[in-house]
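To keep things clear, I will list the structure first and then write my remarks on it.
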Amino acid sequence: YSYLQNKNYGKSIELFKKIQLNYPNNLSVLRNLSHAYAYSGDFLNAENTIKNIIKLNEKEPYIFQFLASILRNQDKIEEMIPLIDEGLKKKLMNPKWKYQKNLLFPIIVKDNKQIDKFREKVSKCYDQILKNNEELNYDNDQVIQTPHYEMSYNQYDNLELNIKSVKALRKIYRELNETCVKKKDKNDKIKIGFISEFFTNHTIGRLFKNIIFSLDESKFDIYVFHSIKTKKSQIFDEFVEKEKNGYLKNITLPRKLNEKIKLFKKEKFDILFYPDIGMSVELYYLSLIRLAKYQIMSWGHPETTGSESIDYFLCSKSLITSDTAKSYSEKLLIMDQLPMIYEIPNVENKLNDKILSKNNIYSCPQTMFKFHPDFDHILCEILNRDKKGILYLIKDINKVYYHKLIERFKKIKNFDLDRVIFIDQLNRDGYINHLGSSSVLLDPLYFGSGNSFHESMVYGTPTVTMPTKLIKSRIVTAAYIQMEIDNPPIVKDKKEYVDMAINLANSKDLFNTKKNYREKARQKLFNTKNAGEEFNQILLNLNY
């Protein structure tokens, strides 16, 4: 148990299993063993252990909910539904689950039909909530996790569905209808708060820290709000150091929603800025409440909220088309440059020119949930046409989703899985060197690369991308536009995608292409301090 408390899960599991040999039906042993498995990421053994507990005592507190969560971590949605039904029937599960079971959405979908099926199910659940006169208690463990995040990784415009979601949540959770707006005195500094769980060594930390640090402290009173889940790291320490220097104030938000609301009512902000909305469940709910005169989101998770409590979506002119605004409930707040000041990553043991010149190496080193079924056929066709081609993908950290993805690939005729290599997770230097050693990078359809594209420009490896009108698919395109790349690999359809990828991966001039992209990035994409000046001015121009 001491090992479990100190997060040495491997040793904890080893010792609990020894005890289990003599006491196979001891609930305390099984309970601790299930938690050790779960925390270690061994979800299958956690699942089997919990099922043993249920056989021994189905009234073990929270055991049905624990099993449901473990099944969710394995993307076993279809197994969750009957479990939840049983738990509700026996009154062994929180009443929120009667809605939660209909708001589940697969991480790795089987096909387009499954996407449509679950979208329809989710929409009907929101209709049911709006029809009923029922309330849930958010701070009493009755938080529904909506699929706002999971549903963004497909081809659909989610504006109408997200608007319906917000209406449903406001009906079932009374707290979301709170409001708190102060009137600003003309001579006051602008009080601004930045809210995210991910101001740490994370994409959000890397994209947004420097633009926050660019604010003029003579004009802005700056607060940075973290979640209790925010991980300590080098980037987090930069925020701490800024506080030591008197530049900003860091605050860790309380756990309960009502305590968060009280904090913001007391502090009275002019602007609240959410770099990402939807990646953290607790902060997604917070963003639905009007707690400042202006509330702004940005492209950390580039999906509309559908909420009138978020006024603006901060983006750049290169991220949008003439049709983009139609898909966002927020008014677009448009900068000339991408809204960030991105540092050039410092990589030790850099690759040599020979490695950078290698052909026929394709890579899509993105998280598994970005892989849409339509993208599978592109990958298959690339390998079919380039017989020398090797495709690299990266396993998810718990090695769950990639197995489901392989099963999906197997259903495609002539998909040569012998030339698909799944590699383990890499540290940042290893990841960037992998990007550099690839001949060409493949941007997933409908929800593309973001931070990884900027990291790829350490070496200049080209990325093929197929943008839509939605910002979530346009980040690579926007970067190319800002870099002023001549004839960038931006394609209009799937055939052109395959042609472009193969041409780049077999180019005799690949090294010079990488060199050109790298130099353009250093000039136009990295350390864009004028973006900070523009960010300051945009905030100052808001009508107070």
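Here, A, B, ... name the chains of the structure tokens in the order displayed, residue numbers run from 1 inside each chain, and ligands are numbered from 1 in the same displayed order.
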
Determine, for each residue of range 81-164 of chain A having at least one atom at most 10 Å from an atom of range 175-199 of chain A, the closest pair of atoms and their separation in Å to one decimal, counting only C-alpha atoms; order by chain and ascending number, as a tab-separated table.
```
residue	atom	partner	partner_atom	distance
A:Asn137	CA	A:Glu175	CA	9.0
A:Tyr138	CA	A:Glu175	CA	8.2
A:Asp139	CA	A:Glu175	CA	9.9
```

Hey, can you spit out that residue selection with all heavy atoms as a PDB file, in the first residue's frame?
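Produced file again.pdb, reproduced below:
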```pdb
ATOM      1  N   ASN A 137     -26.574  17.954  -9.508  1.00  0.00           N
ATOM      2  CA  ASN A 137     -25.709  18.730  -8.613  1.00  0.00           C
ATOM      3  C   ASN A 137     -24.258  18.551  -9.053  1.00  0.00           C
ATOM      4  O   ASN A 137     -23.646  17.519  -8.802  1.00  0.00           O
ATOM      5  CB  ASN A 137     -25.903  18.254  -7.167  1.00  0.00           C
ATOM      6  CG  ASN A 137     -25.163  19.129  -6.177  1.00  0.00           C
ATOM      7  OD1 ASN A 137     -24.136  19.733  -6.494  1.00  0.00           O
ATOM      8  ND2 ASN A 137     -25.680  19.201  -4.968  1.00  0.00           N
ATOM      9  N   TYR A 138     -23.721  19.565  -9.700  1.00  0.00           N
ATOM     10  CA  TYR A 138     -22.367  19.489 -10.266  1.00  0.00           C
ATOM     11  C   TYR A 138     -21.343  19.136  -9.197  1.00  0.00           C
ATOM     12  O   TYR A 138     -20.480  18.279  -9.412  1.00  0.00           O
ATOM     13  CB  TYR A 138     -22.009  20.829 -10.921  1.00  0.00           C
ATOM     14  CG  TYR A 138     -20.647  20.842 -11.582  1.00  0.00           C
ATOM     15  CD1 TYR A 138     -20.516  20.644 -12.952  1.00  0.00           C
ATOM     16  CD2 TYR A 138     -19.486  21.042 -10.840  1.00  0.00           C
ATOM     17  CE1 TYR A 138     -19.270  20.640 -13.561  1.00  0.00           C
ATOM     18  CE2 TYR A 138     -18.238  21.035 -11.432  1.00  0.00           C
ATOM     19  CZ  TYR A 138     -18.130  20.841 -12.796  1.00  0.00           C
ATOM     20  OH  TYR A 138     -16.895  20.833 -13.382  1.00  0.00           O
ATOM     21  N   ASP A 139     -21.403  19.804  -8.067  1.00  0.00           N
ATOM     22  CA  ASP A 139     -20.382  19.631  -7.031  1.00  0.00           C
ATOM     23  C   ASP A 139     -20.620  18.404  -6.153  1.00  0.00           C
ATOM     24  O   ASP A 139     -19.877  18.159  -5.212  1.00  0.00           O
ATOM     25  CB  ASP A 139     -20.297  20.885  -6.159  1.00  0.00           C
ATOM     26  CG  ASP A 139     -19.547  22.017  -6.866  1.00  0.00           C
ATOM     27  OD1 ASP A 139     -18.693  21.704  -7.723  1.00  0.00           O
ATOM     28  OD2 ASP A 139     -19.810  23.191  -6.561  1.00  0.00           O
TER      29      ASP A 139
END
```

**Prompt:** Can you tell me, as a list of chain:residue names, what residues are no more than 7 Å from range 470-487 of chain A when counting only C-alpha atoms, ignoring any on the same chain fewer than 5 positions away?
**Reply:**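 Selected residues are A:Pro302, A:Glu303, A:Ser318, A:Leu319, A:Ile320, A:Thr324, A:Gln337, A:Tyr446, A:Phe447, A:Gly448, A:Ser449, A:Gly450, A:Phe453, A:Thr465, A:Lys520, A:Ala521, A:Lys524, A:Leu525.
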
**Prompt:** Out of A:Lys388, A:Lys51, A:Lys411, A:Lys358, which residue has the shortest atom-to-atom distance to Lys508 in chain A when counting only C-alpha atoms?
**Reply:**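 Answer, going by the shortest atom-to-atom distance: A:Lys358.
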
**Item:** Residues near Ser40 in chain A, cut-off 10 Å, only C-alpha atoms, skip fewer than 6 positions along chain, as a count of residues only
**Value:** 9

Which of range 64-312 of chain A counts as helix (DSSP H, G or I) under DSSP, as a short mmCIF file (atom, residue, chain, number, x, y, z; two decimals) with C-alpha atoms, in the first residue's frame please?
```cif
data_model
loop_
_atom_site.label_atom_id
_atom_site.label_comp_id
_atom_site.auth_asym_id
_atom_site.auth_seq_id
_atom_site.Cartn_x
_atom_site.Cartn_y
_atom_site.Cartn_z
CA PHE A 64 -19.89 0.06 -11.15
CA GLN A 65 -18.76 3.60 -11.88
CA PHE A 66 -15.12 2.56 -11.54
CA LEU A 67 -15.62 -0.25 -14.04
CA ALA A 68 -17.44 2.09 -16.43
CA SER A 69 -14.50 4.50 -16.30
CA ILE A 70 -11.99 1.70 -16.94
CA LEU A 71 -14.03 0.52 -19.93
CA ARG A 72 -14.08 4.13 -21.18
CA ASN A 73 -10.30 4.25 -20.96
CA ILE A 77 -18.29 1.99 -25.38
CA GLU A 78 -20.54 -0.89 -26.40
CA GLU A 79 -19.63 -2.82 -23.23
CA MET A 80 -20.31 0.21 -21.06
CA ILE A 81 -23.98 0.58 -22.01
CA PRO A 82 -25.32 -2.71 -20.52
CA LEU A 83 -23.11 -2.22 -17.43
CA ILE A 84 -24.58 1.24 -16.86
CA ASP A 85 -28.12 -0.07 -17.43
CA GLU A 86 -27.52 -2.78 -14.81
CA GLY A 87 -26.01 -0.32 -12.33
CA LEU A 88 -28.93 2.10 -12.73
CA LYS A 89 -31.51 -0.67 -12.43
CA TRP A 97 -25.28 8.00 -15.84
CA LYS A 98 -28.71 7.74 -17.47
CA TYR A 99 -27.60 10.74 -19.53
CA GLN A 100 -23.90 9.94 -19.59
CA LYS A 101 -24.48 6.59 -21.31
CA ASN A 102 -26.08 8.42 -24.26
CA LEU A 103 -23.33 11.02 -24.44
CA ASN A 112 -18.45 6.89 -40.94
CA LYS A 113 -21.72 5.12 -40.13
CA GLN A 114 -20.68 4.83 -36.50
CA ILE A 115 -19.87 8.55 -36.38
CA ASP A 116 -23.35 9.37 -37.68
CA LYS A 117 -25.00 6.89 -35.30
CA PHE A 118 -23.38 8.36 -32.21
CA ARG A 119 -23.95 11.96 -33.32
CA GLU A 120 -27.66 11.22 -33.65
CA LYS A 121 -27.71 9.54 -30.24
CA VAL A 122 -25.99 12.52 -28.62
CA SER A 123 -28.39 14.99 -30.24
CA LYS A 124 -31.41 13.00 -28.98
CA CYS A 125 -29.97 12.97 -25.46
CA TYR A 126 -29.68 16.77 -25.48
CA ASP A 127 -33.31 16.93 -26.68
CA GLN A 128 -34.33 14.70 -23.76
CA ILE A 129 -32.53 16.91 -21.23
CA LEU A 130 -34.21 20.00 -22.68
CA LYS A 131 -37.59 18.27 -22.48
CA TYR A 138 -22.37 19.49 -10.27
CA ASP A 139 -20.38 19.63 -7.03
CA ASN A 140 -21.90 16.39 -5.76
CA GLU A 150 -14.29 13.70 -29.05
CA MET A 151 -16.83 14.86 -31.64
CA SER A 152 -14.48 17.47 -33.06
CA LEU A 159 -21.94 24.53 -34.37
CA GLU A 160 -25.62 23.54 -34.08
CA LEU A 161 -24.90 20.49 -31.96
CA ASN A 162 -22.68 22.48 -29.59
CA ILE A 163 -25.34 25.21 -29.26
CA LYS A 164 -27.84 22.52 -28.27
CA SER A 165 -25.31 21.04 -25.83
CA VAL A 166 -24.84 24.36 -24.03
CA LYS A 167 -28.61 24.89 -23.74
CA ALA A 168 -29.02 21.40 -22.28
CA LEU A 169 -26.21 21.83 -19.76
CA ARG A 170 -27.56 25.20 -18.64
CA LYS A 171 -30.92 23.60 -17.98
CA ILE A 172 -29.59 20.68 -15.96
CA ARG A 174 -28.31 25.83 -12.44
CA GLU A 175 -24.81 27.16 -11.65
CA LEU A 176 -24.07 27.69 -15.34
CA ASN A 177 -26.57 30.55 -15.46
CA THR A 203 1.08 22.02 -26.56
CA ILE A 204 -0.95 24.78 -24.85
CA GLY A 205 1.99 25.87 -22.71
CA ARG A 206 4.29 26.01 -25.73
CA LEU A 207 1.82 27.86 -27.97
CA PHE A 208 0.61 30.47 -25.50
CA LYS A 209 3.16 31.20 -22.77
CA ASN A 210 5.16 33.79 -24.70
CA ILE A 211 2.16 35.68 -26.00
CA ILE A 212 0.93 35.95 -22.40
CA PHE A 213 4.38 37.14 -21.36
CA GLN A 234 9.81 23.59 -16.82
CA ILE A 235 7.09 25.71 -18.50
CA PHE A 236 5.05 25.82 -15.29
CA ASP A 237 8.21 27.03 -13.52
CA GLU A 238 8.44 29.90 -16.02
CA PHE A 239 5.02 31.11 -14.85
CA VAL A 240 6.20 30.79 -11.24
CA GLU A 241 9.32 32.83 -12.04
CA LYS A 242 7.22 35.55 -13.68
CA GLU A 243 5.23 35.82 -10.44
CA LYS A 244 8.44 36.14 -8.41
CA LEU A 257 -17.45 24.83 -9.36
CA ASN A 258 -19.29 27.02 -6.83
CA GLU A 259 -15.97 27.94 -5.20
CA LYS A 260 -14.57 28.88 -8.61
CA ILE A 261 -17.58 31.10 -9.26
CA LYS A 262 -17.16 32.84 -5.88
CA LEU A 263 -13.49 33.50 -6.67
CA PHE A 264 -14.29 35.19 -9.99
CA LYS A 265 -17.18 37.16 -8.51
CA LYS A 266 -14.80 38.49 -5.89
CA GLU A 267 -11.94 39.29 -8.30
CA VAL A 281 -13.94 18.90 -18.41
CA GLU A 282 -13.94 21.15 -15.33
CA LEU A 283 -12.72 24.20 -17.25
CA TYR A 284 -15.13 23.53 -20.10
CA TYR A 285 -17.98 23.96 -17.62
CA LEU A 286 -16.40 27.09 -16.19
CA SER A 287 -16.19 28.63 -19.67
#
```

**Message:** I need the residues in range 115-308 of chain A that are strand (DSSP E or B) according to DSSP; give them as a PyMOL selection string.
**Reply:** chain A and resi 179+190-195+220-226+249-252+269-274+290+292-297

Atoms kept (N, CA, C and O atoms) for selection, written as a short mmCIF file (atom, residue, chain, number, x, y, z; two decimals), in the first residue's frame:
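As written to disk, selection-v4.cif reads:
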```
data_model
loop_
_atom_site.label_atom_id
_atom_site.label_comp_id
_atom_site.auth_asym_id
_atom_site.auth_seq_id
_atom_site.Cartn_x
_atom_site.Cartn_y
_atom_site.Cartn_z
N THR A 179 -23.86 34.96 -13.51
CA THR A 179 -23.21 36.00 -14.31
C THR A 179 -22.54 37.00 -13.38
O THR A 179 -23.01 37.25 -12.27
N ILE A 190 -6.38 47.03 -17.24
CA ILE A 190 -7.29 45.98 -17.68
C ILE A 190 -6.94 44.70 -16.93
O ILE A 190 -5.81 44.21 -17.01
N LYS A 191 -7.89 44.19 -16.18
CA LYS A 191 -7.65 42.98 -15.39
C LYS A 191 -7.98 41.76 -16.25
O LYS A 191 -9.14 41.55 -16.63
N ILE A 192 -6.97 40.98 -16.56
CA ILE A 192 -7.13 39.86 -17.48
C ILE A 192 -6.68 38.56 -16.82
O ILE A 192 -5.66 38.52 -16.13
N GLY A 193 -7.47 37.50 -17.04
CA GLY A 193 -7.12 36.18 -16.50
C GLY A 193 -7.02 35.16 -17.62
O GLY A 193 -7.86 35.13 -18.53
N PHE A 194 -5.97 34.35 -17.58
CA PHE A 194 -5.77 33.27 -18.55
C PHE A 194 -6.04 31.95 -17.83
O PHE A 194 -5.47 31.70 -16.76
N ILE A 195 -6.89 31.11 -18.42
CA ILE A 195 -7.37 29.92 -17.73
C ILE A 195 -7.08 28.67 -18.56
O ILE A 195 -7.57 28.54 -19.69
N PHE A 220 -1.93 46.10 -18.23
CA PHE A 220 -2.69 44.92 -17.87
C PHE A 220 -2.30 44.41 -16.49
O PHE A 220 -1.13 44.40 -16.13
N ASP A 221 -3.31 44.02 -15.74
CA ASP A 221 -3.12 43.34 -14.47
C ASP A 221 -3.35 41.85 -14.76
O ASP A 221 -4.49 41.43 -15.04
N ILE A 222 -2.28 41.04 -14.73
CA ILE A 222 -2.31 39.71 -15.34
C ILE A 222 -2.40 38.60 -14.28
O ILE A 222 -1.59 38.54 -13.36
N TYR A 223 -3.38 37.72 -14.47
CA TYR A 223 -3.57 36.55 -13.62
C TYR A 223 -3.55 35.29 -14.50
O TYR A 223 -4.08 35.30 -15.61
N VAL A 224 -2.95 34.24 -13.97
CA VAL A 224 -2.93 32.96 -14.68
C VAL A 224 -3.53 31.90 -13.77
O VAL A 224 -3.06 31.70 -12.64
N PHE A 225 -4.59 31.24 -14.26
CA PHE A 225 -5.31 30.25 -13.46
C PHE A 225 -4.99 28.85 -13.94
O PHE A 225 -5.12 28.53 -15.12
N HIS A 226 -4.60 28.02 -12.97
CA HIS A 226 -4.26 26.63 -13.23
C HIS A 226 -5.29 25.73 -12.57
O HIS A 226 -5.97 26.12 -11.62
N LYS A 249 0.25 37.00 -11.49
CA LYS A 249 -0.10 36.23 -10.30
C LYS A 249 -0.66 34.88 -10.74
O LYS A 249 -1.57 34.81 -11.57
N ASN A 250 -0.11 33.79 -10.19
CA ASN A 250 -0.62 32.44 -10.45
C ASN A 250 -1.63 32.05 -9.37
O ASN A 250 -1.39 32.28 -8.19
N ILE A 251 -2.72 31.45 -9.80
CA ILE A 251 -3.73 30.96 -8.87
C ILE A 251 -4.16 29.56 -9.30
O ILE A 251 -4.47 29.33 -10.48
N THR A 252 -4.15 28.63 -8.36
CA THR A 252 -4.70 27.30 -8.62
C THR A 252 -6.17 27.31 -8.25
O THR A 252 -6.52 27.62 -7.11
N PHE A 269 -13.08 40.34 -13.19
CA PHE A 269 -12.18 40.51 -14.32
C PHE A 269 -12.83 41.25 -15.47
O PHE A 269 -14.04 41.16 -15.69
N ASP A 270 -12.00 41.99 -16.21
CA ASP A 270 -12.45 42.62 -17.45
C ASP A 270 -12.45 41.60 -18.59
O ASP A 270 -13.36 41.57 -19.41
N ILE A 271 -11.39 40.78 -18.64
CA ILE A 271 -11.24 39.79 -19.71
C ILE A 271 -10.84 38.45 -19.10
O ILE A 271 -9.97 38.38 -18.24
N LEU A 272 -11.49 37.39 -19.56
CA LEU A 272 -11.02 36.04 -19.29
C LEU A 272 -10.69 35.39 -20.63
O LEU A 272 -11.47 35.47 -21.58
N PHE A 273 -9.53 34.77 -20.67
CA PHE A 273 -9.00 34.21 -21.92
C PHE A 273 -8.77 32.71 -21.73
O PHE A 273 -8.02 32.30 -20.85
N TYR A 274 -9.44 31.91 -22.56
CA TYR A 274 -9.29 30.46 -22.54
C TYR A 274 -8.53 30.02 -23.79
O TYR A 274 -9.09 30.02 -24.89
N ARG A 290 -20.79 33.30 -17.56
CA ARG A 290 -20.36 34.69 -17.84
C ARG A 290 -19.72 35.26 -16.57
O ARG A 290 -20.40 35.63 -15.63
N ALA A 292 -16.86 37.57 -16.89
CA ALA A 292 -16.13 38.80 -17.24
C ALA A 292 -16.86 39.48 -18.38
O ALA A 292 -17.67 38.85 -19.08
N LYS A 293 -16.56 40.75 -18.60
CA LYS A 293 -17.24 41.47 -19.69
C LYS A 293 -16.93 40.83 -21.02
O LYS A 293 -17.81 40.66 -21.87
N TYR A 294 -15.64 40.50 -21.23
CA TYR A 294 -15.24 39.86 -22.47
C TYR A 294 -14.61 38.51 -22.15
O TYR A 294 -13.72 38.42 -21.29
N GLN A 295 -15.05 37.49 -22.84
CA GLN A 295 -14.48 36.16 -22.68
C GLN A 295 -14.03 35.68 -24.06
O GLN A 295 -14.82 35.68 -25.02
N ILE A 296 -12.77 35.28 -24.12
CA ILE A 296 -12.12 34.99 -25.40
C ILE A 296 -11.57 33.57 -25.37
O ILE A 296 -11.04 33.12 -24.35
N MET A 297 -11.69 32.88 -26.48
CA MET A 297 -11.05 31.58 -26.63
C MET A 297 -10.07 31.66 -27.80
O MET A 297 -10.05 32.64 -28.55
#
```

**Prompt:** Within 12 Å of His403 in chain A, counting only C-alpha atoms, which residues qualify if same-chain residues fewer than 2 places away don't, as a list of chain:residue names?
**Reply:** A:Gln74, A:Asp75, A:Ile108, A:Met368, A:Ile394, A:Lys395, A:Asp396, A:Asn398, A:Lys399, A:Val400, A:Tyr401, A:Leu405, A:Ile406, A:Glu407, A:Arg408, A:Phe409, A:Lys410, A:Phe422

Could the residues in this selection be saved with all heavy atoms as a short mmCIF file (atom, residue, chain, number, x, y, z; two decimals), in the first residue's frame?
```cif
data_model
loop_
_atom_site.label_atom_id
_atom_site.label_comp_id
_atom_site.auth_asym_id
_atom_site.auth_seq_id
_atom_site.Cartn_x
_atom_site.Cartn_y
_atom_site.Cartn_z
N GLN A 74 -10.56 2.21 -22.25
CA GLN A 74 -10.21 1.26 -23.30
C GLN A 74 -11.08 1.44 -24.54
O GLN A 74 -11.01 0.65 -25.47
CB GLN A 74 -10.37 -0.17 -22.77
CG GLN A 74 -9.46 -0.51 -21.61
CD GLN A 74 -9.77 -1.87 -21.04
OE1 GLN A 74 -9.31 -2.89 -21.56
NE2 GLN A 74 -10.58 -1.91 -20.00
N ASP A 75 -11.89 2.49 -24.54
CA ASP A 75 -12.79 2.79 -25.66
C ASP A 75 -13.80 1.67 -25.90
O ASP A 75 -14.24 1.45 -27.02
CB ASP A 75 -11.97 3.05 -26.93
CG ASP A 75 -12.66 4.00 -27.90
OD1 ASP A 75 -13.54 4.76 -27.44
OD2 ASP A 75 -12.32 3.99 -29.10
N ILE A 108 -11.75 5.83 -31.14
CA ILE A 108 -11.43 5.28 -32.46
C ILE A 108 -12.71 4.71 -33.04
O ILE A 108 -13.21 3.67 -32.59
CB ILE A 108 -10.36 4.16 -32.36
CG1 ILE A 108 -9.11 4.66 -31.64
CG2 ILE A 108 -10.01 3.64 -33.76
CD1 ILE A 108 -8.38 5.80 -32.33
N MET A 368 -3.83 9.10 -31.85
CA MET A 368 -4.67 8.15 -32.57
C MET A 368 -6.07 8.69 -32.87
O MET A 368 -6.68 8.34 -33.88
CB MET A 368 -4.80 6.85 -31.77
CG MET A 368 -3.51 6.10 -31.53
SD MET A 368 -2.96 5.12 -32.95
CE MET A 368 -1.67 6.14 -33.62
N ILE A 394 2.67 6.54 -34.26
CA ILE A 394 3.09 6.48 -32.86
C ILE A 394 1.97 5.92 -32.00
O ILE A 394 0.82 6.38 -32.07
CB ILE A 394 3.54 7.88 -32.35
CG1 ILE A 394 4.82 8.30 -33.07
CG2 ILE A 394 3.76 7.86 -30.85
CD1 ILE A 394 5.42 9.58 -32.57
N LYS A 395 2.30 4.93 -31.18
CA LYS A 395 1.32 4.32 -30.29
C LYS A 395 0.83 5.32 -29.25
O LYS A 395 1.57 6.23 -28.85
CB LYS A 395 1.94 3.13 -29.54
CG LYS A 395 2.43 1.99 -30.43
CD LYS A 395 3.15 0.95 -29.59
CE LYS A 395 3.77 -0.14 -30.46
NZ LYS A 395 4.57 -1.09 -29.67
N ASP A 396 -0.40 5.15 -28.81
CA ASP A 396 -0.89 5.92 -27.67
C ASP A 396 -0.19 5.44 -26.41
O ASP A 396 0.32 4.31 -26.35
CB ASP A 396 -2.40 5.79 -27.54
CG ASP A 396 -2.87 4.34 -27.52
OD1 ASP A 396 -2.57 3.62 -28.49
OD2 ASP A 396 -3.51 3.91 -26.54
N ASN A 398 -0.99 4.41 -23.50
CA ASN A 398 -1.41 3.19 -22.81
C ASN A 398 -1.58 2.00 -23.76
O ASN A 398 -2.05 0.94 -23.34
CB ASN A 398 -2.73 3.44 -22.06
CG ASN A 398 -2.54 4.39 -20.90
OD1 ASN A 398 -1.59 4.26 -20.12
ND2 ASN A 398 -3.41 5.37 -20.79
N LYS A 399 -1.22 2.21 -25.03
CA LYS A 399 -1.22 1.13 -26.03
C LYS A 399 -2.59 0.45 -26.13
O LYS A 399 -2.70 -0.78 -26.18
CB LYS A 399 -0.12 0.11 -25.71
CG LYS A 399 1.28 0.72 -25.72
CD LYS A 399 2.35 -0.30 -25.37
CE LYS A 399 3.75 0.27 -25.51
NZ LYS A 399 4.01 1.44 -24.65
N VAL A 400 -3.62 1.28 -26.16
CA VAL A 400 -4.99 0.79 -26.28
C VAL A 400 -5.55 1.10 -27.67
O VAL A 400 -6.02 0.22 -28.39
CB VAL A 400 -5.90 1.42 -25.21
CG1 VAL A 400 -7.36 1.11 -25.48
CG2 VAL A 400 -5.50 0.94 -23.82
N TYR A 401 -5.49 2.37 -28.05
CA TYR A 401 -6.14 2.82 -29.27
C TYR A 401 -5.49 2.28 -30.53
O TYR A 401 -6.15 2.03 -31.54
CB TYR A 401 -6.17 4.35 -29.34
CG TYR A 401 -6.85 5.00 -28.16
CD1 TYR A 401 -6.36 6.19 -27.62
CD2 TYR A 401 -7.98 4.43 -27.58
CE1 TYR A 401 -6.98 6.79 -26.53
CE2 TYR A 401 -8.60 5.02 -26.49
CZ TYR A 401 -8.10 6.20 -25.98
OH TYR A 401 -8.70 6.79 -24.91
N LEU A 405 -7.01 0.73 -34.08
CA LEU A 405 -6.69 1.29 -35.39
C LEU A 405 -6.18 0.21 -36.35
O LEU A 405 -6.55 0.17 -37.52
CB LEU A 405 -5.65 2.41 -35.25
CG LEU A 405 -5.46 3.31 -36.46
CD1 LEU A 405 -6.75 4.06 -36.79
CD2 LEU A 405 -4.34 4.31 -36.22
N ILE A 406 -5.35 -0.70 -35.85
CA ILE A 406 -4.86 -1.81 -36.67
C ILE A 406 -6.03 -2.65 -37.16
O ILE A 406 -6.08 -3.06 -38.34
CB ILE A 406 -3.86 -2.67 -35.87
CG1 ILE A 406 -2.55 -1.92 -35.67
CG2 ILE A 406 -3.59 -3.99 -36.61
CD1 ILE A 406 -1.57 -2.61 -34.73
N GLU A 407 -6.99 -2.93 -36.28
CA GLU A 407 -8.16 -3.72 -36.69
C GLU A 407 -8.93 -3.01 -37.80
O GLU A 407 -9.48 -3.66 -38.70
CB GLU A 407 -9.07 -3.99 -35.49
CG GLU A 407 -8.47 -4.94 -34.46
CD GLU A 407 -8.03 -6.25 -35.07
OE1 GLU A 407 -8.86 -6.89 -35.77
OE2 GLU A 407 -6.86 -6.66 -34.87
N ARG A 408 -8.98 -1.70 -37.74
CA ARG A 408 -9.67 -0.94 -38.80
C ARG A 408 -8.89 -1.03 -40.11
O ARG A 408 -9.48 -1.19 -41.19
CB ARG A 408 -9.84 0.52 -38.35
CG ARG A 408 -11.02 1.22 -39.00
CD ARG A 408 -11.27 2.56 -38.38
NE ARG A 408 -10.26 3.55 -38.77
CZ ARG A 408 -10.15 4.76 -38.19
NH1 ARG A 408 -10.96 5.09 -37.20
NH2 ARG A 408 -9.22 5.60 -38.59
N PHE A 409 -7.56 -0.91 -40.01
CA PHE A 409 -6.72 -1.04 -41.21
C PHE A 409 -6.90 -2.40 -41.88
O PHE A 409 -6.90 -2.52 -43.10
CB PHE A 409 -5.24 -0.85 -40.86
CG PHE A 409 -4.84 0.56 -40.50
CD1 PHE A 409 -3.61 0.80 -39.89
CD2 PHE A 409 -5.66 1.64 -40.75
CE1 PHE A 409 -3.21 2.08 -39.56
CE2 PHE A 409 -5.27 2.94 -40.41
CZ PHE A 409 -4.05 3.16 -39.82
N LYS A 410 -7.04 -3.45 -41.07
CA LYS A 410 -7.14 -4.81 -41.61
C LYS A 410 -8.37 -5.00 -42.49
O LYS A 410 -8.41 -5.91 -43.33
CB LYS A 410 -7.17 -5.83 -40.46
CG LYS A 410 -5.82 -6.04 -39.78
CD LYS A 410 -5.97 -7.05 -38.63
CE LYS A 410 -4.62 -7.30 -37.95
NZ LYS A 410 -4.77 -8.22 -36.79
N PHE A 422 4.56 0.95 -35.90
CA PHE A 422 4.08 1.72 -34.74
C PHE A 422 5.23 1.83 -33.75
O PHE A 422 5.73 0.81 -33.26
CB PHE A 422 2.90 1.02 -34.08
CG PHE A 422 1.60 1.17 -34.81
CD1 PHE A 422 1.25 0.30 -35.83
CD2 PHE A 422 0.72 2.20 -34.49
CE1 PHE A 422 0.06 0.43 -36.50
CE2 PHE A 422 -0.48 2.35 -35.16
CZ PHE A 422 -0.82 1.46 -36.17
#
```

**Message:** Under the rule that only C-alpha atoms are counted, which of A:Glu330, A:Asp386, A:Asp141, A:Glu308 is the nearest residue to Leu288 in chain A?
**Reply:**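 Of A:Glu330, A:Asp386, A:Asp141, A:Glu308, the one nearest Leu288 in chain A is A:Glu308, counting only C-alpha atoms.
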
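For the pair CA of Ile412 in chain A and CA of Phe371 in chain A, the interatomic distance is 14.5 Å.
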
**Request:** Go ahead and compute the interatomic distance for CA of Met457 in chain A and CA of Phe526 in chain A, in Å to one decimal.
**Result:** 9.2 Å

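Omitting range 314-316 of chain A and its sequence neighbours fewer than 5 positions away, and counting only C-alpha atoms, the residues within 7 Å are Ile296, Met297, Ser298, Trp299, Leu332, Leu333, Ile334, Met335, Asp336, Gln337, Leu338 and Pro339 of chain A.
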
**Complete:** Separating CA of Tyr497 in chain A from CA of Asp374 in chain A, to the nearest tenth of an Å, is a gap of 12.2 Å

**Request:** Tell me, as a list of chain:residue names, which residues lie within 6 Å of range 527-532 of chain A, counting only C-alpha atoms; anything in the same chain fewer than 2 positions away does not count.
**Result:**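 The residues satisfying every condition are A:Ile211, A:Ser214, A:Ile341, A:Tyr342, A:Glu343, A:Glu534, A:Phe535.
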
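You can rank A:Ile310, A:Ile397, A:Leu21, A:Pro488 by their closest distance to Asp42 in chain A using only C-alpha atoms, and at the top of that list sits A:Ile397.
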